[in-house]
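A.B. asks: Before anything else, here's the structure in question.
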Amino acid sequence: MNNSATSFVSAVALALAVALGSGVPARAELNVDITQGFVEPLPVAITDFYAETLEESKTGKDLAGVISADLERSGLFRPIDHGAFIQDAASLRKGPRFSDWRLINAQALIQGSVEMQPDGRLRVNFRLWDVFAEQQMTGLAYFTTPSNWRRVAHIVADVIYKRLTGEDGYFDTRLVYVAESGPQNRRVKRLGIMDQDGENHRFLTAGNELVLTPRFSPTTQEITYLSYIGEIPRVYLFNLNTGQQEVLGDFPGMTFAPRFSPDGNKVIMSLADDGNSEIFTMDLRTRGVKRLTSHPAIDTSPSYSPDGRRIAFNSDRGGSQQLYVMDSDGGNVRRISFNQGRYATPVWSPRGDLVAFTRMSNGEFYIGVMRPDGSGERMLTKGFLVEGPTWAPNGRVLSYFRQTPADSRGRVTSKVYTIDLTGFNERELATPIDASDPAWSPLIP
């Protein structure tokens, strides 16, 4: 996303006209329970946003299309085909004919309008209706530059998602990943970034140097990533708003880029010290480094809990590669994984309730989750190679990459996927070339 899109002109402006003449939008009972193992998608009608001119009408149709795609991709909503609609967008301006929408089994109705303002800004209005209660659930207006319409659509989808599920949305976000091309023995790896739906794609690095394991800051639009200068691993800090890069340092023995602390002021990393990997933190303000572990085993892949009080990591100190949790000062270490196989790459959920991980067992890879005390372990997906879980900011969806075995010519493919916590809604996220090591951003400020 370019700088003009990042500097969002004006969001949340006005609550729209109120249902049934009350002073605030009426509260309805329609909601989606996403705590179940399997959720039957809610039928929703999403009309093209009404407009007066042809150019505005195209934008209105595009807005509705992006909102519909966001909601459908979540697995919680089933947009109804427009061919079934009885009432059109123009007559909806006078209010929904709820009986028409009940006839096609729409439980929620989303309508809107777009209008170019005299100052060149685009005004986008939307309303969400509970069809059976015949009540407005929410309604807002947004002002932005016309080129920023797609981001407005993601923000609207987030508002709808939250109103109907009670959980924060995740559509106004981006993913950074490692874009891969070329033969297996001369793989070119560079950073790519895109919206969570695969749009607005661009490359961040030219591919002159190998890059690995990008990580997002939880508080700003910055990433760390690992690159190699000759044989020496070097860690960079990349500001996505300005495009500026800063060298954090050269770190011999590093294999994964650092992860940020929840406040964004520190990074945590594993470094080889005298041939043995230990866990360290670095204060980004002072560049001071502090060692947290001291053990003859290999300790690596650390990840902070969202409150910053605990750290998940993997270690072979128990004889095989397993998951551990310790306090943020390195004390109170306890093992949390005990099942068959090896565990790696733990990542703490933004909600704090789960730790995602990669598991290797009986020749297959798995992406799974467990509670921070080790209980409730569940596998969400498996394959020849699935790895690198990363959380959406609402803690309900994961992204990861999936690699295929080599074909008869020795070629492999690597693609980014998403899956929700039910394990039923696995989707490939289209990228221009092969992709690995995704990292999900926080909501864009």
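Scheme for the structure tokens: letters A, B, ... for chains in order shown; per-chain residue numbers from 1; ligand numbers from 1 in order shown.
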What's around Pro262 (chain A) at 7 Å? Count only C-alpha atoms, leave out sequence neighbours fewer than 5 positions away in its own chain, and write the answer as a list in words.
C.D. replies: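 Within the cut-off, the hits are Pro218, Pro306, Asp307 and Gly308 of chain A.
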A.B. asks: Pick out the residues sitting within 9 Å of region 281-298 of chain A, and hand them over as a compact mmCIF listing (two decimals) with N, CA and C atoms, in the first residue's frame; count only C-alpha atoms, and ignore anything fewer than 3 positions along from it in its own chain.
C.D. replies:
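Contents of the output file around-v5.txt:
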# COMPACT_ATOMS: atom_id res chain seq x y z
N LEU A 248 20.22 -3.18 12.43
CA LEU A 248 20.27 -3.42 13.87
C LEU A 248 21.60 -4.02 14.29
N PRO A 258 14.70 -11.47 14.70
CA PRO A 258 14.12 -11.21 16.02
C PRO A 258 12.61 -10.95 15.94
N GLY A 264 6.90 -2.80 21.45
CA GLY A 264 7.70 -2.39 20.30
C GLY A 264 9.06 -1.82 20.65
N ASN A 265 9.43 -1.79 21.92
CA ASN A 265 10.68 -1.16 22.33
C ASN A 265 11.86 -2.13 22.34
N LYS A 266 11.58 -3.42 22.32
CA LYS A 266 12.64 -4.42 22.35
C LYS A 266 12.40 -5.46 21.28
N VAL A 267 13.45 -6.21 20.96
CA VAL A 267 13.31 -7.41 20.14
C VAL A 267 13.93 -8.56 20.92
N ILE A 268 13.41 -9.76 20.67
CA ILE A 268 13.93 -10.97 21.31
C ILE A 268 14.42 -11.91 20.23
N MET A 269 15.52 -12.61 20.48
CA MET A 269 16.16 -13.39 19.43
C MET A 269 16.98 -14.51 20.03
N SER A 270 17.34 -15.47 19.19
CA SER A 270 18.26 -16.53 19.59
C SER A 270 19.58 -16.32 18.85
N ALA A 272 23.80 -17.85 18.60
CA ALA A 272 24.76 -18.89 18.95
C ALA A 272 25.88 -18.26 19.75
N ASN A 276 26.49 -22.55 20.95
CA ASN A 276 25.24 -22.99 21.55
C ASN A 276 24.23 -21.85 21.50
N SER A 277 23.02 -22.13 21.03
CA SER A 277 22.01 -21.09 20.86
C SER A 277 21.35 -20.75 22.19
N GLU A 278 21.33 -19.48 22.52
CA GLU A 278 20.68 -18.95 23.72
C GLU A 278 19.75 -17.81 23.31
N ASN A 314 11.34 -22.80 21.87
CA ASN A 314 11.55 -24.24 21.78
C ASN A 314 12.99 -24.58 22.16
N SER A 315 13.14 -25.78 22.71
CA SER A 315 14.43 -26.20 23.23
C SER A 315 14.51 -27.72 23.21
N ASP A 316 15.72 -28.23 23.10
CA ASP A 316 15.92 -29.68 23.20
C ASP A 316 16.50 -30.06 24.55
N ARG A 317 16.32 -29.20 25.54
CA ARG A 317 16.89 -29.46 26.86
C ARG A 317 16.28 -30.69 27.52
N GLY A 318 15.12 -31.16 27.06
CA GLY A 318 14.51 -32.36 27.61
C GLY A 318 14.84 -33.61 26.81
N GLY A 319 15.73 -33.48 25.83
CA GLY A 319 16.13 -34.63 25.02
C GLY A 319 15.60 -34.59 23.60
N GLN A 321 13.19 -31.79 20.72
CA GLN A 321 12.77 -30.42 20.49
C GLN A 321 11.32 -30.23 20.94
N SER A 328 9.53 -13.36 31.60
CA SER A 328 10.23 -12.46 30.69
C SER A 328 11.67 -12.17 31.13
N ASP A 329 12.01 -12.47 32.39
CA ASP A 329 13.39 -12.28 32.84
C ASP A 329 14.22 -13.55 32.70
N GLY A 330 13.61 -14.62 32.13
CA GLY A 330 14.34 -15.87 31.93
C GLY A 330 14.12 -16.90 33.01
N GLY A 331 13.37 -16.56 34.04
CA GLY A 331 13.14 -17.48 35.13
C GLY A 331 11.88 -18.31 34.96
A.B. asks: Here is a test: counting only C-alpha atoms, which residue of A:Ser181, A:Ser301, A:Ser261, A:Asn239 is nearest to Ser436 (chain A)?
C.D. replies: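 Nearest to Ser436 (chain A): A:Ser181.
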A.B. asks: Mind pulling up the distance from CA of Lys415 (chain A) to CA of Arg186 (chain A)?
C.D. replies: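 For CA of Arg186 (chain A) relative to CA of Lys415 (chain A), the distance reads 18.5 Å.
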A.B. asks: So, with only C-alpha atoms as the atoms that count, which of A:Thr358, A:Asn425, A:Thr59, A:Gln403 lies closest to Phe77 (chain A)?
C.D. replies: A:Asn425
A.B. asks: Can you measure CA of Ala179 (chain A) to CA of Ile433 (chain A) for me? One decimal in Å is fine.
C.D. replies: 6.4 Å
A.B. asks: My list of candidates is A:Val333, A:Ala406, A:Ile223, A:Val325. Which is closest to Ser441 (chain A) when distances are computed with only C-alpha atoms?
C.D. replies: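 For Ser441 (chain A), the nearest of the candidates is A:Ile223.
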